[in-house]
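Q: Have a look at this one.
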Amino acid sequence: MLLDTITIKYLASELDKSITGYTISACYSNNRKTIISFDSGLYLHLLHRPVEFNCLYLSDDIEKGERTRDPDFQSILNARINSVRQLGNDRVLEVSIQITKTMGQNTEGFLVMELTGYHNNLILLDGDQKILQARRYVSSHRSRYRQILNGLTYHLPPPLRGRDPCSITLSQFQEDISSGQYNIVHFLQQFCRLSEYNAIEVAVRAKFPPQLSIDRLNEEDVKLLFKSLRTILSVILNNEEDWSIGLTELGNVIFPYIPRQEGVEIIQRSKDAFEILKTFTGHELLSHHEQKLLDQSRTRLDNLIKGLKYHIDSIRERISEYRKWEECKQKGDLLLSFPHLVQKGRLSVQLPNLLRGGKITVELKPRMDAFQNAEHYYKLARKYRRGFPLLRDRMENLKAKLDKLMCMHLDLSERRVSPEETLRYLQSNFPSSGGIPGKVSRGPVLPYREFVSSEGLKIWVGKSARGNDELTFKQAKLDDLWLHAENIKGSHVIVRTSGKKEIPQNTLLEAAALAAHYSKSRYSGLVPVIYTKRRYVQRIKNAPPGMVKVLQYKVIMVKPSIPAKTDF
């Protein structure tokens, strides 16, 4: 983020000079920004979802597509700007305004601009610091530390980590610089609250490479870096060098350390901020940008390679297990051949090995008899036999991807491929892996759980309030059976009738048991469950998702459980 606390301090001073005394003539907004127009002909742009290089700037014009009136901030029209200041030496600007009401009375208010990162905010306060309006509200569900809601007293956002750069001393600077392994730019960002570009400028003025590790600095180097920091602060806060504001392909870029007279032409024809920095400092800062891309591509490759190796190892273990499908079938055959040797409740049994002689140990499910255990082994044999070729093909596919990534890693190290090409390839071939390299997307997540009754009918159980709503009113048919625990919070349950006029009794009991299990009464002995056709269930107007009214129903008492014969 370019606008750190020091830059915002200077911006407060510049805005105070530029807009104080003028009145607000219009307020426009869209999903991305808010624009405030003044009778002086200037427009203040506040980006709520900023690009990398700017989130607040003045201009003398706006595009036609941005002239959408903001209905929420109409009360500030014709308000007079009294002053602009920075709050709490933080990333917050406060614009004091004088609002004229319809009866001619004047009242004080404040426009607070929070420039805290990806979600910047615009908040209107009254004279008592009560919130009247906000571009982005924050409820207790989003943050338990600070709420932004109408009627609440406004509080500043949590302070940044690190020391205030305006008050830091040399001894504190030396203490911080010996506390970890960082490069210069990262250290200045973490411990001195500087933006990346101001941190780069501090390193450049001290004649150090921005990516130099701080553990390589001796005592004199540290003093030189601290002196460079104080110089940058003096440049920004005292306006010793004029600011340059130019339009690039990336948006309005503000540089406090480039003289305006020399810089405007270069800024206007430059492609990005790093090229501008390179031009004016005489240092290879563009190599810093390339190094950053190189580090990103290497990190991404390393994570993907590590993830693929992990998945290949796990699949190899499963393949070794799936090779035993013939052994599982043999155990099932033996259990059916010698059922009289199997006693319910035992964990294992020794059975004669008819193929090789001797005896073979067969592990048992203690709650099952010989025939149920045999069916269990037959089911495993079918699963292993079907899954073995699929796992083998999956492992070969992952091995091919791993070989490709290993070759790319070698090409990147020897500079046969650029970091940009590497990142593009990874983005197209390994999209959004959820933070787990090599993870395979399983498609959209259903809003309900799926079961099959003992009679073969589908039973769907909602996963959440919104899932209940979608299940009942979007997925279910009017003639499907609808169930819910009576007078208690829980999941909606749907039995797909598939055209049947009557639901089998066992299916009804199984669905009711599921409705009781997925409710707040799941640990009760018996739970009353209501059931009816879906056509008799209606939404409640303006009610939260999942809240319904039932026109007619019957009640059944069941014990909460997941029936053993239902399949996922």
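By convention here, the chains of the structure tokens are called A, B, ... in the order presented, each chain's residues are numbered starting at 1, and ligands are numbered starting at 1 in the order presented.
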Find the residues around A:Leu125 up to 9 Å (only C-alpha atoms counted), leave out those fewer than 5 positions away in its own chain, and share them as number ranges by chain.

A: A: 109-112, 130-134, 153-154

Q: What does the file look like for those residues with all heavy atoms, as an mmCIF file, in the first residue's frame?

A:
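Just written: result03.cif:
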```cif
data_model
loop_
_atom_site.group_PDB
_atom_site.id
_atom_site.type_symbol
_atom_site.label_atom_id
_atom_site.label_comp_id
_atom_site.auth_asym_id
_atom_site.auth_seq_id
_atom_site.Cartn_x
_atom_site.Cartn_y
_atom_site.Cartn_z
ATOM 1 N N GLY A 109 -20.578 18.219 11.771
ATOM 2 C CA GLY A 109 -20.468 16.802 11.456
ATOM 3 C C GLY A 109 -19.053 16.465 11.038
ATOM 4 O O GLY A 109 -18.194 17.361 10.896
ATOM 5 N N PHE A 110 -18.810 15.200 10.818
ATOM 6 C CA PHE A 110 -17.464 14.761 10.428
ATOM 7 C C PHE A 110 -17.578 13.665 9.369
ATOM 8 O O PHE A 110 -18.416 12.762 9.482
ATOM 9 C CB PHE A 110 -16.695 14.218 11.638
ATOM 10 C CG PHE A 110 -16.529 15.207 12.750
ATOM 11 C CD1 PHE A 110 -17.417 15.226 13.816
ATOM 12 C CD2 PHE A 110 -15.495 16.135 12.727
ATOM 13 C CE1 PHE A 110 -17.281 16.132 14.841
ATOM 14 C CE2 PHE A 110 -15.346 17.048 13.753
ATOM 15 C CZ PHE A 110 -16.242 17.049 14.809
ATOM 16 N N LEU A 111 -16.742 13.777 8.343
ATOM 17 C CA LEU A 111 -16.574 12.707 7.372
ATOM 18 C C LEU A 111 -15.254 12.017 7.685
ATOM 19 O O LEU A 111 -14.194 12.641 7.617
ATOM 20 C CB LEU A 111 -16.541 13.261 5.944
ATOM 21 C CG LEU A 111 -17.870 13.430 5.217
ATOM 22 C CD1 LEU A 111 -17.631 14.053 3.847
ATOM 23 C CD2 LEU A 111 -18.591 12.108 5.062
ATOM 24 N N VAL A 112 -15.311 10.734 8.048
ATOM 25 C CA VAL A 112 -14.112 9.978 8.396
ATOM 26 C C VAL A 112 -13.767 9.055 7.230
ATOM 27 O O VAL A 112 -14.605 8.280 6.772
ATOM 28 C CB VAL A 112 -14.328 9.167 9.681
ATOM 29 C CG1 VAL A 112 -13.124 8.274 9.955
ATOM 30 C CG2 VAL A 112 -14.557 10.099 10.856
ATOM 31 N N LYS A 130 -21.294 10.091 16.915
ATOM 32 C CA LYS A 130 -22.201 8.978 16.654
ATOM 33 C C LYS A 130 -22.261 8.716 15.146
ATOM 34 O O LYS A 130 -22.283 9.660 14.346
ATOM 35 C CB LYS A 130 -23.615 9.269 17.182
ATOM 36 C CG LYS A 130 -23.679 9.493 18.682
ATOM 37 C CD LYS A 130 -23.480 8.206 19.454
ATOM 38 C CE LYS A 130 -23.693 8.436 20.951
ATOM 39 N NZ LYS A 130 -23.462 7.211 21.740
ATOM 40 N N ILE A 131 -22.306 7.440 14.751
ATOM 41 C CA ILE A 131 -22.320 7.076 13.333
ATOM 42 C C ILE A 131 -23.700 7.322 12.749
ATOM 43 O O ILE A 131 -24.713 6.809 13.255
ATOM 44 C CB ILE A 131 -21.924 5.593 13.162
ATOM 45 C CG1 ILE A 131 -20.505 5.364 13.686
ATOM 46 C CG2 ILE A 131 -22.026 5.172 11.693
ATOM 47 C CD1 ILE A 131 -20.082 3.910 13.697
ATOM 48 N N LEU A 132 -23.752 8.142 11.681
ATOM 49 C CA LEU A 132 -25.000 8.412 10.974
ATOM 50 C C LEU A 132 -25.129 7.599 9.692
ATOM 51 O O LEU A 132 -26.235 7.214 9.297
ATOM 52 C CB LEU A 132 -25.103 9.907 10.633
ATOM 53 C CG LEU A 132 -25.062 10.883 11.804
ATOM 54 C CD1 LEU A 132 -25.104 12.324 11.296
ATOM 55 C CD2 LEU A 132 -26.234 10.621 12.751
ATOM 56 N N GLN A 133 -24.010 7.379 9.026
ATOM 57 C CA GLN A 133 -24.020 6.662 7.746
ATOM 58 C C GLN A 133 -22.629 6.093 7.495
ATOM 59 O O GLN A 133 -21.632 6.651 7.975
ATOM 60 C CB GLN A 133 -24.415 7.600 6.600
ATOM 61 C CG GLN A 133 -24.796 6.912 5.310
ATOM 62 C CD GLN A 133 -26.042 6.052 5.454
ATOM 63 O OE1 GLN A 133 -25.928 4.841 5.562
ATOM 64 N NE2 GLN A 133 -27.202 6.651 5.492
ATOM 65 N N ALA A 134 -22.551 5.011 6.748
ATOM 66 C CA ALA A 134 -21.258 4.410 6.421
ATOM 67 C C ALA A 134 -21.354 3.729 5.068
ATOM 68 O O ALA A 134 -22.410 3.202 4.700
ATOM 69 C CB ALA A 134 -20.829 3.415 7.496
ATOM 70 N N THR A 153 -21.174 4.796 18.840
ATOM 71 C CA THR A 153 -20.080 5.757 18.922
ATOM 72 C C THR A 153 -18.900 5.261 18.087
ATOM 73 O O THR A 153 -18.555 4.074 18.140
ATOM 74 C CB THR A 153 -19.635 5.954 20.380
ATOM 75 O OG1 THR A 153 -20.748 6.416 21.148
ATOM 76 C CG2 THR A 153 -18.502 6.969 20.479
ATOM 77 N N TYR A 154 -18.298 6.159 17.326
ATOM 78 C CA TYR A 154 -17.199 5.765 16.439
ATOM 79 C C TYR A 154 -15.914 5.544 17.240
ATOM 80 O O TYR A 154 -15.591 6.315 18.143
ATOM 81 C CB TYR A 154 -16.966 6.839 15.382
ATOM 82 C CG TYR A 154 -15.763 6.553 14.510
ATOM 83 C CD1 TYR A 154 -15.815 5.575 13.532
ATOM 84 C CD2 TYR A 154 -14.570 7.251 14.693
ATOM 85 C CE1 TYR A 154 -14.714 5.300 12.740
ATOM 86 C CE2 TYR A 154 -13.461 6.985 13.906
ATOM 87 C CZ TYR A 154 -13.539 6.002 12.932
ATOM 88 O OH TYR A 154 -12.444 5.721 12.155
#
```

Q: Per residue of stretch 537-556 of chain A within 12 Å of stretch 494-508 of chain A, note the shortest atom pair and the distance in Å to one decimal, counting only C-alpha atoms, and order the rows by chain and increasing residue number, as a Markdown table.

A:
```
| residue | atom | partner | partner_atom | distance |
| --- | --- | --- | --- | --- |
| A:Val537 | CA | A:Ile494 | CA | 11.7 |
| A:Lys554 | CA | A:Leu508 | CA | 11.8 |
| A:Val555 | CA | A:Leu508 | CA | 11.3 |
| A:Ile556 | CA | A:Leu508 | CA | 9.2 |
```

Q: Could you write out the selected residues, including all heavy atoms, as a PDB file, in the first residue's frame?

A:
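Wrote again-v3.pdb, looks like this:
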```pdb
ATOM      1  N   VAL A 537     -45.897 -26.414   3.108  1.00  0.00           N
ATOM      2  CA  VAL A 537     -44.850 -25.636   3.793  1.00  0.00           C
ATOM      3  C   VAL A 537     -44.672 -24.323   3.042  1.00  0.00           C
ATOM      4  O   VAL A 537     -44.470 -24.323   1.827  1.00  0.00           O
ATOM      5  CB  VAL A 537     -43.524 -26.416   3.838  1.00  0.00           C
ATOM      6  CG1 VAL A 537     -42.465 -25.608   4.574  1.00  0.00           C
ATOM      7  CG2 VAL A 537     -43.713 -27.764   4.502  1.00  0.00           C
ATOM      8  N   LYS A 554     -48.663 -34.068  10.522  1.00  0.00           N
ATOM      9  CA  LYS A 554     -48.819 -35.139  11.495  1.00  0.00           C
ATOM     10  C   LYS A 554     -47.536 -35.218  12.324  1.00  0.00           C
ATOM     11  O   LYS A 554     -46.501 -34.695  11.911  1.00  0.00           O
ATOM     12  CB  LYS A 554     -49.097 -36.466  10.807  1.00  0.00           C
ATOM     13  CG  LYS A 554     -50.414 -36.495  10.037  1.00  0.00           C
ATOM     14  CD  LYS A 554     -50.620 -37.852   9.362  1.00  0.00           C
ATOM     15  CE  LYS A 554     -51.933 -37.875   8.590  1.00  0.00           C
ATOM     16  NZ  LYS A 554     -52.155 -39.179   7.904  1.00  0.00           N
ATOM     17  N   VAL A 555     -47.633 -35.907  13.472  1.00  0.00           N
ATOM     18  CA  VAL A 555     -46.490 -35.994  14.379  1.00  0.00           C
ATOM     19  C   VAL A 555     -46.156 -37.465  14.616  1.00  0.00           C
ATOM     20  O   VAL A 555     -47.050 -38.298  14.769  1.00  0.00           O
ATOM     21  CB  VAL A 555     -46.774 -35.299  15.726  1.00  0.00           C
ATOM     22  CG1 VAL A 555     -45.558 -35.393  16.639  1.00  0.00           C
ATOM     23  CG2 VAL A 555     -47.157 -33.846  15.509  1.00  0.00           C
ATOM     24  N   ILE A 556     -44.838 -37.753  14.645  1.00  0.00           N
ATOM     25  CA  ILE A 556     -44.363 -39.095  14.947  1.00  0.00           C
ATOM     26  C   ILE A 556     -43.242 -38.990  15.979  1.00  0.00           C
ATOM     27  O   ILE A 556     -42.437 -38.052  15.937  1.00  0.00           O
ATOM     28  CB  ILE A 556     -43.873 -39.803  13.658  1.00  0.00           C
ATOM     29  CG1 ILE A 556     -43.490 -41.254  13.951  1.00  0.00           C
ATOM     30  CG2 ILE A 556     -42.714 -39.064  13.031  1.00  0.00           C
ATOM     31  CD1 ILE A 556     -43.168 -42.053  12.689  1.00  0.00           C
TER      32      ILE A 556
END
```

Q: Using only C-alpha atoms, which residue out of A:Ile200, A:Ile123, A:Ala400, A:Leu426 lies closest to A:His155?

A: A:Ile123

Q: Using only C-alpha atoms, which of the listed residues (A:Asp39, A:Glu375, A:Asp164, A:Asp313) sits closest to A:Leu334?

A: A:Glu375

Q: List the spatial neighbours of A:Ile99 as a PyMOL selection string - criterion: any atom at most 8 Å away, only C-alpha atoms, same-chain residues fewer than 2 positions off excluded.

A: chain A and resi 75-80+97+101+106-109

Q: Next, write the just-selected residues to a file, as a PDB file, in the first residue's frame, keeping N, CA, C and O atoms as the atom set.

A:
```
ATOM      1  N   SER A  75     -27.229  13.964   2.713  1.00  0.00           N
ATOM      2  CA  SER A  75     -27.300  14.947   3.796  1.00  0.00           C
ATOM      3  C   SER A  75     -26.072  15.839   3.859  1.00  0.00           C
ATOM      4  O   SER A  75     -26.100  16.883   4.523  1.00  0.00           O
ATOM      5  N   ILE A  76     -24.964  15.451   3.186  1.00  0.00           N
ATOM      6  CA  ILE A  76     -23.759  16.284   3.241  1.00  0.00           C
ATOM      7  C   ILE A  76     -23.704  17.296   2.100  1.00  0.00           C
ATOM      8  O   ILE A  76     -22.739  18.074   2.024  1.00  0.00           O
ATOM      9  N   LEU A  77     -24.705  17.310   1.206  1.00  0.00           N
ATOM     10  CA  LEU A  77     -24.695  18.291   0.113  1.00  0.00           C
ATOM     11  C   LEU A  77     -24.790  19.704   0.688  1.00  0.00           C
ATOM     12  O   LEU A  77     -25.513  19.960   1.655  1.00  0.00           O
ATOM     13  N   ASN A  78     -24.049  20.613   0.090  1.00  0.00           N
ATOM     14  CA  ASN A  78     -23.955  22.019   0.517  1.00  0.00           C
ATOM     15  C   ASN A  78     -23.273  22.189   1.870  1.00  0.00           C
ATOM     16  O   ASN A  78     -23.307  23.286   2.454  1.00  0.00           O
ATOM     17  N   ALA A  79     -22.657  21.106   2.375  1.00  0.00           N
ATOM     18  CA  ALA A  79     -21.906  21.224   3.629  1.00  0.00           C
ATOM     19  C   ALA A  79     -20.584  21.935   3.353  1.00  0.00           C
ATOM     20  O   ALA A  79     -19.941  21.721   2.320  1.00  0.00           O
ATOM     21  N   ARG A  80     -20.151  22.773   4.290  1.00  0.00           N
ATOM     22  CA  ARG A  80     -18.920  23.543   4.141  1.00  0.00           C
ATOM     23  C   ARG A  80     -17.783  22.819   4.857  1.00  0.00           C
ATOM     24  O   ARG A  80     -17.943  22.303   5.961  1.00  0.00           O
ATOM     25  N   ILE A  97     -17.036  19.137   8.850  1.00  0.00           N
ATOM     26  CA  ILE A  97     -17.965  19.821   7.938  1.00  0.00           C
ATOM     27  C   ILE A  97     -19.034  20.559   8.733  1.00  0.00           C
ATOM     28  O   ILE A  97     -19.355  20.199   9.871  1.00  0.00           O
ATOM     29  N   LYS A 101     -29.080  22.791   7.630  1.00  0.00           N
ATOM     30  CA  LYS A 101     -30.343  22.078   7.542  1.00  0.00           C
ATOM     31  C   LYS A 101     -31.388  22.931   6.838  1.00  0.00           C
ATOM     32  O   LYS A 101     -31.174  24.101   6.523  1.00  0.00           O
ATOM     33  N   ASN A 106     -27.341  25.500  11.406  1.00  0.00           N
ATOM     34  CA  ASN A 106     -26.051  24.881  11.104  1.00  0.00           C
ATOM     35  C   ASN A 106     -25.703  23.875  12.191  1.00  0.00           C
ATOM     36  O   ASN A 106     -25.898  24.126  13.384  1.00  0.00           O
ATOM     37  N   THR A 107     -25.202  22.727  11.774  1.00  0.00           N
ATOM     38  CA  THR A 107     -24.783  21.701  12.722  1.00  0.00           C
ATOM     39  C   THR A 107     -23.445  21.142  12.286  1.00  0.00           C
ATOM     40  O   THR A 107     -23.124  21.117  11.092  1.00  0.00           O
ATOM     41  N   GLU A 108     -22.657  20.687  13.253  1.00  0.00           N
ATOM     42  CA  GLU A 108     -21.325  20.171  12.954  1.00  0.00           C
ATOM     43  C   GLU A 108     -21.401  18.672  12.677  1.00  0.00           C
ATOM     44  O   GLU A 108     -22.198  17.945  13.258  1.00  0.00           O
ATOM     45  N   GLY A 109     -20.578  18.219  11.771  1.00  0.00           N
ATOM     46  CA  GLY A 109     -20.468  16.802  11.456  1.00  0.00           C
ATOM     47  C   GLY A 109     -19.053  16.465  11.038  1.00  0.00           C
ATOM     48  O   GLY A 109     -18.194  17.361  10.896  1.00  0.00           O
TER      49      GLY A 109
END
```
